[in-house]
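Asks: Structure file query_36.txt (compact mmCIF, C-alpha atoms (C1' of nucleotides)) right here:
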```txt
# COMPACT_ATOMS: atom_id res chain seq x y z
CA MET T 1 78.84 -65.32 -16.29
CA ALA T 2 75.48 -64.82 -14.80
CA ARG T 3 74.51 -68.26 -13.82
CA PRO T 4 70.95 -68.89 -12.87
CA PRO T 5 71.77 -70.56 -9.64
CA ALA T 6 71.59 -74.21 -9.00
CA SER T 7 68.35 -75.80 -9.82
CA ARG T 8 69.57 -78.22 -12.40
CA ASN T 9 69.20 -81.90 -11.85
CA GLY T 10 65.75 -82.49 -13.18
CA LYS T 11 63.98 -80.25 -10.72
CA SER T 12 62.18 -78.16 -13.28
CA ASN T 13 60.42 -75.65 -11.10
CA GLY T 14 59.79 -73.31 -13.97
CA ALA T 15 62.05 -73.16 -17.02
CA GLU T 16 65.12 -72.12 -15.09
CA PRO T 17 67.38 -70.56 -17.70
CA VAL T 18 66.74 -66.89 -17.09
CA ASP T 19 67.33 -64.43 -19.88
CA TYR T 20 69.58 -61.60 -18.82
CA GLY T 21 69.15 -59.87 -22.16
CA PRO T 22 71.65 -57.36 -23.46
CA LEU T 23 73.26 -57.01 -20.04
CA GLU T 24 75.25 -60.16 -20.59
CA ASN T 25 77.62 -58.34 -22.91
CA TRP T 26 77.94 -55.16 -20.91
CA ILE T 27 81.06 -54.18 -19.09
CA GLY T 28 79.16 -52.60 -16.21
CA PHE T 29 77.08 -55.69 -15.55
CA ASN T 30 80.02 -58.06 -15.71
CA LEU T 31 82.12 -55.75 -13.59
CA ARG T 32 79.49 -55.97 -10.90
CA LEU T 33 79.30 -59.76 -11.10
CA ALA T 34 83.07 -60.15 -10.99
CA GLN T 35 83.43 -57.83 -8.02
CA SER T 36 80.65 -59.65 -6.22
CA ALA T 37 82.30 -63.02 -6.85
CA SER T 38 85.68 -61.73 -5.75
CA PHE T 39 84.19 -60.22 -2.62
CA ALA T 40 82.37 -63.41 -1.71
CA SER T 41 85.48 -65.49 -2.29
CA PHE T 42 87.53 -63.27 -0.01
CA ALA T 43 84.82 -63.21 2.63
CA ARG T 44 84.86 -67.00 2.56
CA LEU T 45 88.63 -67.09 3.08
CA SER T 46 88.64 -64.58 5.91
CA LYS T 47 85.51 -65.80 7.66
CA GLU T 48 87.34 -67.67 10.37
CA ILE T 49 89.26 -64.54 11.34
CA GLY T 50 86.01 -62.78 12.01
CA GLU T 51 86.44 -59.54 10.15
CA ARG T 52 84.50 -58.63 7.05
CA PRO T 53 86.26 -57.02 4.08
CA GLY T 54 84.86 -53.57 4.74
CA ARG T 55 86.02 -53.46 8.33
CA MET T 56 89.37 -54.83 7.36
CA ALA T 57 89.91 -51.93 4.97
CA THR T 58 89.55 -49.52 7.87
CA LEU T 59 91.99 -51.48 9.98
CA ARG T 60 94.47 -51.52 7.16
CA LEU T 61 94.21 -47.79 6.60
CA ILE T 62 95.02 -47.20 10.25
CA GLY T 63 97.97 -49.58 10.11
CA GLN T 64 99.28 -47.94 7.00
CA ASN T 65 98.76 -44.39 8.32
CA PRO T 66 99.54 -44.34 12.01
CA GLY T 67 98.41 -41.14 13.69
CA ILE T 68 95.60 -40.55 11.21
CA SER T 69 92.56 -38.67 12.51
CA GLN T 70 89.03 -40.01 12.31
CA THR T 71 87.97 -37.36 9.85
CA ALA T 72 90.93 -38.05 7.55
CA LEU T 73 90.19 -41.76 7.84
CA SER T 74 86.56 -41.26 6.94
CA ARG T 75 87.58 -39.31 3.84
CA ALA T 76 90.12 -41.96 2.93
CA ASN T 77 87.53 -44.66 2.55
CA GLY T 78 84.77 -42.39 1.38
CA ARG T 79 82.33 -42.62 4.26
CA ASP T 80 80.93 -40.13 6.68
CA LYS T 81 82.83 -39.69 9.92
CA SER T 82 79.76 -40.62 11.93
CA THR T 83 79.88 -44.15 10.51
CA LEU T 84 83.34 -44.61 11.97
CA THR T 85 82.47 -43.98 15.59
CA PRO T 86 80.85 -47.33 16.43
CA LEU T 87 83.42 -49.23 14.38
CA LEU T 88 86.39 -47.58 16.10
CA THR T 89 84.75 -47.97 19.49
CA ASP T 90 84.49 -51.67 18.78
CA PHE T 91 88.11 -51.90 17.63
CA ALA T 92 89.27 -50.04 20.72
CA LYS T 93 87.18 -52.19 23.03
CA ARG T 94 88.79 -55.29 21.55
CA GLY T 95 92.24 -53.82 21.98
CA LEU T 96 93.03 -53.56 18.28
CA ILE T 97 93.56 -49.82 18.07
CA ARG T 98 94.70 -47.06 20.35
CA ARG T 99 93.15 -43.56 20.39
CA THR T 100 95.28 -40.77 21.79
CA ARG T 101 94.50 -37.09 21.97
CA THR T 102 96.88 -34.87 20.11
CA ARG T 103 98.69 -32.23 22.05
CA GLY T 104 98.25 -29.42 19.57
CA ASP T 105 94.55 -29.82 18.88
CA ARG T 106 92.56 -31.44 21.62
CA ARG T 107 89.56 -32.09 19.43
CA THR T 108 91.23 -34.76 17.30
CA TYR T 109 92.32 -38.28 18.01
CA ARG T 110 95.39 -39.95 16.59
CA LEU T 111 94.64 -43.54 15.64
CA ALA T 112 97.14 -46.38 15.62
CA LEU T 113 97.15 -50.15 15.78
CA THR T 114 98.09 -51.94 18.96
CA PRO T 115 100.36 -54.98 18.65
CA ALA T 116 97.21 -57.14 18.75
CA GLY T 117 95.69 -55.05 15.94
CA ASP T 118 98.88 -55.43 13.99
CA ARG T 119 98.78 -59.19 14.42
CA LEU T 120 95.18 -59.35 13.27
CA LEU T 121 95.99 -57.21 10.28
CA GLY T 122 98.80 -59.61 9.50
CA GLN T 123 96.39 -62.54 9.46
CA LEU T 124 93.99 -60.62 7.28
CA THR T 125 96.79 -59.75 4.92
CA ASP T 126 97.67 -63.42 4.62
CA CYS T 127 94.07 -64.11 3.61
CA ALA T 128 94.10 -61.24 1.17
CA GLN T 129 97.30 -62.52 -0.34
CA GLU T 130 95.83 -65.97 -0.78
CA HIS T 131 92.83 -64.37 -2.42
CA GLU T 132 95.08 -62.28 -4.60
CA ARG T 133 96.92 -65.41 -5.73
CA ASP T 134 93.56 -66.90 -6.75
CA LEU T 135 92.76 -63.77 -8.72
CA ASP T 136 96.17 -63.72 -10.35
CA ARG T 137 95.73 -67.31 -11.42
CA VAL T 138 92.34 -66.55 -12.96
CA VAL T 139 93.45 -63.36 -14.68
CA GLY T 140 96.69 -64.85 -15.90
CA LEU T 141 100.16 -63.41 -15.79
CA ARG T 142 100.09 -62.31 -19.39
CA ASP T 143 97.05 -60.04 -18.97
CA ARG T 144 97.51 -58.91 -15.40
CA ALA T 145 99.16 -55.55 -15.97
CA ARG T 146 96.79 -54.58 -18.74
CA PHE T 147 93.76 -55.65 -16.72
CA LEU T 148 94.91 -53.70 -13.69
CA ALA T 149 95.56 -50.61 -15.81
CA ILE T 150 92.04 -50.70 -17.17
CA LEU T 151 90.52 -51.08 -13.73
CA ARG T 152 92.46 -48.03 -12.58
CA LYS T 153 91.40 -46.10 -15.63
CA ILE T 154 87.76 -46.82 -14.87
CA THR T 155 88.21 -45.67 -11.29
CA ALA T 156 89.98 -42.50 -12.35
CA GLU T 157 87.71 -41.45 -15.18
CA LEU T 158 84.32 -42.47 -13.86
CA GLY T 159 84.80 -41.83 -10.15
CA MET M 1 107.09 -47.41 6.94
CA ALA M 2 104.23 -45.16 6.11
CA ARG M 3 104.41 -41.48 6.57
CA PRO M 4 101.91 -39.88 8.87
CA PRO M 5 99.27 -38.42 6.60
CA ALA M 6 97.68 -35.07 6.47
CA SER M 7 100.00 -33.14 8.65
CA ARG M 8 99.42 -30.22 6.38
CA ASN M 9 97.33 -27.60 7.91
CA GLY M 10 94.92 -25.29 6.24
CA LYS M 11 92.35 -26.05 3.63
CA SER M 12 93.64 -29.06 1.65
CA ASN M 13 90.34 -29.74 -0.13
CA GLY M 14 89.98 -33.29 1.12
CA ALA M 15 92.99 -34.25 -0.95
CA GLU M 16 95.04 -35.80 1.79
CA PRO M 17 97.74 -38.23 0.83
CA VAL M 18 96.62 -41.47 2.42
CA ASP M 19 98.79 -44.53 2.08
CA TYR M 20 96.85 -47.51 0.82
CA GLY M 21 99.87 -49.77 1.14
CA PRO M 22 100.20 -53.00 -0.85
CA LEU M 23 96.52 -52.93 -1.76
CA GLU M 24 97.22 -50.43 -4.49
CA ASN M 25 98.62 -53.15 -6.72
CA TRP M 26 96.04 -55.78 -5.96
CA ILE M 27 93.44 -56.91 -8.42
CA GLY M 28 90.78 -57.38 -5.75
CA PHE M 29 91.17 -53.89 -4.37
CA ASN M 30 91.15 -52.23 -7.77
CA LEU M 31 88.24 -54.35 -8.88
CA ARG M 32 86.26 -53.01 -5.95
CA LEU M 33 87.22 -49.41 -6.69
CA ALA M 34 86.37 -49.74 -10.38
CA GLN M 35 83.01 -51.32 -9.67
CA SER M 36 82.23 -48.65 -7.13
CA ALA M 37 83.12 -45.88 -9.59
CA SER M 38 81.10 -47.49 -12.34
CA PHE M 39 78.13 -47.91 -10.03
CA ALA M 40 78.27 -44.31 -8.87
CA SER M 41 78.57 -43.06 -12.42
CA PHE M 42 75.51 -45.01 -13.50
CA ALA M 43 73.55 -43.93 -10.45
CA ARG M 44 74.35 -40.33 -11.37
CA LEU M 45 73.09 -40.84 -14.91
CA SER M 46 69.86 -42.53 -13.88
CA LYS M 47 69.11 -40.39 -10.86
CA GLU M 48 66.51 -38.26 -12.58
CA ILE M 49 64.54 -41.33 -13.56
CA GLY M 50 64.22 -42.28 -9.92
CA GLU M 51 65.27 -45.92 -9.95
CA ARG M 52 68.47 -47.16 -8.40
CA PRO M 53 70.62 -49.73 -10.20
CA GLY M 54 69.58 -52.62 -8.00
CA ARG M 55 65.88 -52.08 -8.53
CA MET M 56 66.38 -51.62 -12.21
CA ALA M 57 67.98 -55.04 -12.47
CA THR M 58 64.79 -56.58 -11.12
CA LEU M 59 62.64 -54.64 -13.55
CA ARG M 60 64.84 -55.73 -16.40
CA LEU M 61 64.68 -59.37 -15.41
CA ILE M 62 60.90 -59.19 -15.46
CA GLY M 63 60.89 -57.47 -18.83
CA GLN M 64 63.26 -60.05 -20.25
CA ASN M 65 61.40 -63.00 -18.76
CA PRO M 66 57.67 -62.31 -18.88
CA GLY M 67 55.68 -64.78 -16.82
CA ILE M 68 58.52 -65.44 -14.40
CA SER M 69 57.56 -66.38 -10.85
CA GLN M 70 58.77 -64.50 -7.81
CA THR M 71 60.83 -67.42 -6.60
CA ALA M 72 62.55 -67.85 -9.97
CA LEU M 73 63.15 -64.11 -10.04
CA SER M 74 64.71 -64.15 -6.59
CA ARG M 75 67.04 -66.94 -7.66
CA ALA M 76 67.92 -65.09 -10.84
CA ASN M 77 69.39 -62.16 -9.00
CA GLY M 78 70.63 -64.12 -6.05
CA ARG M 79 68.45 -62.74 -3.28
CA ASP M 80 65.92 -64.26 -0.97
CA LYS M 81 62.33 -64.24 -2.15
CA SER M 82 61.25 -62.30 0.91
CA THR M 83 63.30 -59.31 -0.24
CA LEU M 84 61.24 -59.15 -3.39
CA THR M 85 57.83 -58.73 -1.82
CA PRO M 86 58.01 -55.03 -0.87
CA LEU M 87 59.80 -54.18 -4.10
CA LEU M 88 57.21 -55.88 -6.29
CA THR M 89 54.38 -54.41 -4.23
CA ASP M 90 55.84 -50.99 -4.92
CA PHE M 91 56.23 -51.71 -8.64
CA ALA M 92 52.64 -52.97 -8.83
CA LYS M 93 51.29 -49.98 -6.92
CA ARG M 94 52.99 -47.67 -9.39
CA GLY M 95 51.56 -49.58 -12.31
CA LEU M 96 54.89 -50.84 -13.61
CA ILE M 97 54.24 -54.57 -13.33
CA ARG M 98 51.27 -56.89 -13.44
CA ARG M 99 50.87 -59.93 -11.18
CA THR M 100 48.53 -62.64 -12.37
CA ARG M 101 47.79 -65.96 -10.74
CA THR M 102 48.58 -68.97 -12.84
CA ARG M 103 45.79 -71.36 -13.68
CA GLY M 104 47.66 -74.56 -12.98
CA ASP M 105 49.19 -73.63 -9.65
CA ARG M 106 47.33 -71.03 -7.67
CA ARG M 107 50.23 -70.41 -5.31
CA THR M 108 52.44 -68.73 -7.88
CA TYR M 109 52.27 -65.39 -9.61
CA ARG M 110 53.31 -64.68 -13.15
CA LEU M 111 55.08 -61.35 -13.39
CA ALA M 112 55.14 -59.09 -16.42
CA LEU M 113 55.72 -55.45 -17.23
CA THR M 114 52.84 -53.14 -18.00
CA PRO M 115 53.27 -50.70 -20.90
CA ALA M 116 54.29 -48.08 -18.34
CA GLY M 117 56.86 -50.45 -16.89
CA ASP M 118 58.14 -51.15 -20.35
CA ARG M 119 58.49 -47.44 -21.03
CA LEU M 120 60.39 -46.91 -17.78
CA LEU M 121 62.65 -49.82 -18.59
CA GLY M 122 63.28 -48.21 -21.95
CA GLN M 123 64.42 -45.01 -20.27
CA LEU M 124 66.63 -46.93 -17.90
CA THR M 125 68.10 -48.85 -20.80
CA ASP M 126 68.97 -45.57 -22.50
CA CYS M 127 70.82 -44.54 -19.36
CA ALA M 128 72.57 -47.86 -19.14
CA GLN M 129 73.60 -47.61 -22.76
CA GLU M 130 75.03 -44.17 -22.21
CA HIS M 131 76.90 -45.53 -19.24
CA GLU M 132 78.09 -48.46 -21.28
CA ARG M 133 79.40 -46.09 -23.95
CA ASP M 134 81.37 -44.30 -21.24
CA LEU M 135 82.83 -47.59 -20.09
CA ASP M 136 83.63 -48.68 -23.63
CA ARG M 137 85.45 -45.42 -24.20
CA VAL M 138 87.51 -45.87 -21.05
CA VAL M 139 88.29 -49.53 -21.66
CA GLY M 140 89.06 -49.01 -25.32
CA LEU M 141 87.90 -51.02 -28.28
CA ARG M 142 91.14 -52.92 -28.58
CA ASP M 143 90.96 -54.39 -25.08
CA ARG M 144 87.24 -54.70 -24.63
CA ALA M 145 86.77 -58.35 -25.54
CA ARG M 146 89.75 -59.49 -23.50
CA PHE M 147 88.68 -57.41 -20.51
CA LEU M 148 85.17 -58.79 -20.64
CA ALA M 149 86.45 -62.34 -20.91
CA ILE M 150 88.55 -61.91 -17.78
CA LEU M 151 85.65 -60.44 -15.83
CA ARG M 152 83.56 -63.46 -16.79
CA LYS M 153 86.34 -65.82 -15.84
CA ILE M 154 86.55 -64.24 -12.39
CA THR M 155 82.81 -64.59 -11.92
CA ALA M 156 82.82 -68.19 -13.08
CA GLU M 157 85.83 -69.42 -11.14
CA LEU M 158 85.49 -67.50 -7.91
CA GLY M 159 81.72 -67.34 -7.57
C1' DT Y 1 82.45 -19.14 13.31
C1' DA Y 2 84.48 -23.50 12.01
C1' DT Y 3 85.93 -28.17 13.03
C1' DT Y 4 86.37 -32.93 15.57
C1' DG Y 5 84.10 -36.44 17.11
C1' DT Y 6 79.51 -38.26 19.18
C1' DT Y 7 74.71 -39.10 19.30
C1' DA Y 8 70.11 -39.67 17.51
C1' DT Y 9 67.64 -41.09 13.84
C1' DA Y 10 66.40 -43.07 9.58
C1' DC Y 11 66.73 -45.41 5.20
C1' DT Y 12 68.37 -49.24 2.18
C1' DC Y 13 69.44 -53.79 1.45
C1' DT Y 14 69.70 -58.15 2.93
C1' DA Y 15 68.70 -62.52 5.72
C1' DT Y 16 66.10 -65.98 8.68
C1' DA Y 17 62.08 -67.84 10.46
C1' DA Y 18 57.30 -68.34 11.08
C1' DC Y 19 53.10 -68.03 8.83
C1' DT Y 20 49.03 -68.83 4.89
C1' DA Y 21 47.31 -70.96 1.23
C1' DT Y 22 47.75 -73.94 -1.77
C1' DA Y 23 49.75 -78.38 -3.81
C1' DT X 1 55.02 -82.89 3.43
C1' DA X 2 56.54 -79.50 0.28
C1' DT X 3 56.26 -75.10 -2.17
C1' DA X 4 54.93 -69.89 -3.34
C1' DG X 5 54.53 -65.91 -1.44
C1' DT X 6 53.93 -62.80 2.90
C1' DT X 7 55.01 -60.94 7.28
C1' DA X 8 57.85 -59.93 11.24
C1' DT X 9 62.11 -58.97 12.72
C1' DA X 10 66.92 -58.17 12.82
C1' DG X 11 71.47 -56.82 11.35
C1' DA X 12 74.82 -54.50 8.46
C1' DG X 13 76.04 -50.28 6.27
C1' DT X 14 75.25 -45.84 5.16
C1' DA X 15 73.52 -40.85 5.55
C1' DT X 16 71.98 -36.32 7.66
C1' DA X 17 71.39 -33.23 11.41
C1' DA X 18 72.08 -31.51 15.88
C1' DC X 19 75.25 -31.29 19.60
C1' DA X 20 79.48 -30.47 23.00
C1' DA X 21 84.12 -29.40 23.28
C1' DT X 22 87.62 -27.04 21.27
C1' DA X 23 89.88 -24.08 17.94
```
Translate this file's structure into structure tokens.
Replies:
Amino acid sequence: MARPPASRNGKSNGAEPVDYGPLENWIGFNLRLAQSASFASFARLSKEIGERPGRMATLRLIGQNPGISQTALSRANGRDKSTLTPLLTDFAKRGLIRRTRTRGDRRTYRLALTPAGDRLLGQLTDCAQEHERDLDRVVGLRDRARFLAILRKITAELG
Amino acid sequence: MARPPASRNGKSNGAEPVDYGPLENWIGFNLRLAQSASFASFARLSKEIGERPGRMATLRLIGQNPGISQTALSRANGRDKSTLTPLLTDFAKRGLIRRTRTRGDRRTYRLALTPAGDRLLGQLTDCAQEHERDLDRVVGLRDRARFLAILRKITAELG
DNA sequence: TATTGTTATACTCTATAACTATA
DNA sequence: TATAGTTATAGAGTATAACAATA
């Protein structure tokens, strides 16, 4: 729920309970809050590894699709190809990915994880799995499948 | 192991089979996709009005809590007070809100909507309601309450 | 001509810290 | 000293447009 953050304990700097109005019962509003909480929780878990959730998604896509081109990758996570250049340069500089020119078409790169990139992705996956266990616990085994189906339906029909 | 994607040549209208791996069955991942789709859908609906979802939330909070201070407002939507200054300046310049000094404490402002701001909020609410009807249709009446309860549980327990 | 990836640029959203004017 | 709001600045994250190399 939308908690007016943390000013309880007698410190009445203005009547703190904020009225969120009709939003409180809306799917869209609560979807945003839940996603934000989930995101923050995962970011907390993976902080020590040093990769934020968004960057991790890119790394995972490369690991899952070795040989993918930058353009295909940019389409896969819905961002412009120009936003990938600095990110991939950083990954390459840190030895996490490898960029090789294709033989057939010398404009494109083929992206793949290095062993170091694969190890990092493994650590990130461990974090994600821990986070997923937290979510599963909160959602509950009984409702999980139904909940997941609805999320997918929203993505499919509103995307 | 994952198949190399997009080895098809030719036009393939951006529909390249990318492997998302284990993420596809994870709550966190699908929560993010659903929220993103919902957000985009709402942004589409409210585009002609000229306010983005984030700014609208601020306007709504003011409308719902007349007399609120900037600091309380910043806490209410979880952002630093300094991020509010340019936004509120813009709202005031466009005649959507009114800032009055309080009598008791001349450091603080009391924020409220002007009639024009109230009208704009009304339009935005119409959009939001249309969006909410879309979401309700997708979620389904039978599952709505349960779905909402789970979203709130996630926010409460992971926030 | 069209496409891949890069560069230049800009806009949004957010944060931190230093500042002012009050308290 | 502490608080309300402002300013300056910086850092992600994203987008568009122009470009060079290649197709």
Asks: If you count only C-alpha atoms (C1' of nucleotides), which residues fall within 10 Å of M:Leu96, apart from same-chain ones fewer than 6 positions away, as a list in words?
Replies: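 Answer for this query is Leu59, Leu88, Asp90, Ala112, Leu113, Thr114, Pro115, Ala116, Gly117, Asp118, Arg119, Leu120 and Leu121 of chain M.
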Asks: Could you jot down the atom CA of T:Gly50 to atom CA of T:Ala128 separation for me, Å, one decimal place?
Replies: 13.6 Å
Asks: Go through chain X residue by residue and, counting all atoms listed in the file, keep those with an atom at most 10 Å from chain T; for each kept residue give the shortest atom pair and its distance in Å to one decimal, ordered by chain and increasing number, as a tab-separated table.
Replies:
```
residue	atom	partner	partner_atom	distance
X:DT3	C1'	T:Asn13	CA	9.9
X:DG13	C1'	T:Thr83	CA	8.4
X:DT14	C1'	T:Thr83	CA	7.3
X:DA15	C1'	T:Asp80	CA	7.5
X:DT16	C1'	T:Asp80	CA	9.8
X:DA21	C1'	T:Arg107	CA	7.2
X:DT22	C1'	T:Arg107	CA	5.7
X:DA23	C1'	T:Asp105	CA	7.5
```
Asks: Counting only C-alpha atoms, which residues of chain M come no farther than 7 Å from chain T, as a PyMOL selection string?
Replies: chain M and resi 2-5+18-21+26-28+30-35+37-38+41+61+64-65+75-76+132+135+138-139+147-148+150-156+158-159
Asks: By how many Å are atom CA of T:Arg99 and atom C1' of Y:DT6 apart?
Replies: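 Atom C1' of Y:DT6 lies at a distance of 14.7 Å from atom CA of T:Arg99.
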Asks: Report, in Å to a single decimal, how far apart atom CA of M:Ile97 and atom CA of M:Tyr109 are.
Replies: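 A separation of 11.6 Å between them.
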Asks: Hey, can you pull every residue with an atom no more than 7 Å from (85.0, -34.6, 10.6), using only C-alpha atoms (C1' of nucleotides), and send it as a short mmCIF file (atom, residue, chain, number, x, y, z; two decimals) with C-alpha atoms (C1' of nucleotides), in the frame of the given file?
Replies:
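Wrote selection-v7.cif, looks like this:
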```
data_model
loop_
_atom_site.label_atom_id
_atom_site.label_comp_id
_atom_site.auth_asym_id
_atom_site.auth_seq_id
_atom_site.Cartn_x
_atom_site.Cartn_y
_atom_site.Cartn_z
CA GLN T 70 89.03 -40.01 12.31
CA THR T 71 87.97 -37.36 9.85
CA LYS T 81 82.83 -39.69 9.92
"C1'" DT Y 3 85.93 -28.17 13.03
"C1'" DT Y 4 86.37 -32.93 15.57
"C1'" DG Y 5 84.10 -36.44 17.11
#
```
Asks: Residues of chain Y near chain M: apply a cut-off of 8 Å, count only C-alpha atoms (C1' of nucleotides), and supply the list as JSON, numbers by chain.
Replies: {"Y": [14, 15, 21, 22, 23]}
Asks: With all C-alpha atoms paired in order, what RMSD does the least-squares fit of chain M onto chain T leave?
Replies: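 RMSD over all C-alpha atoms: 3.6 Å.
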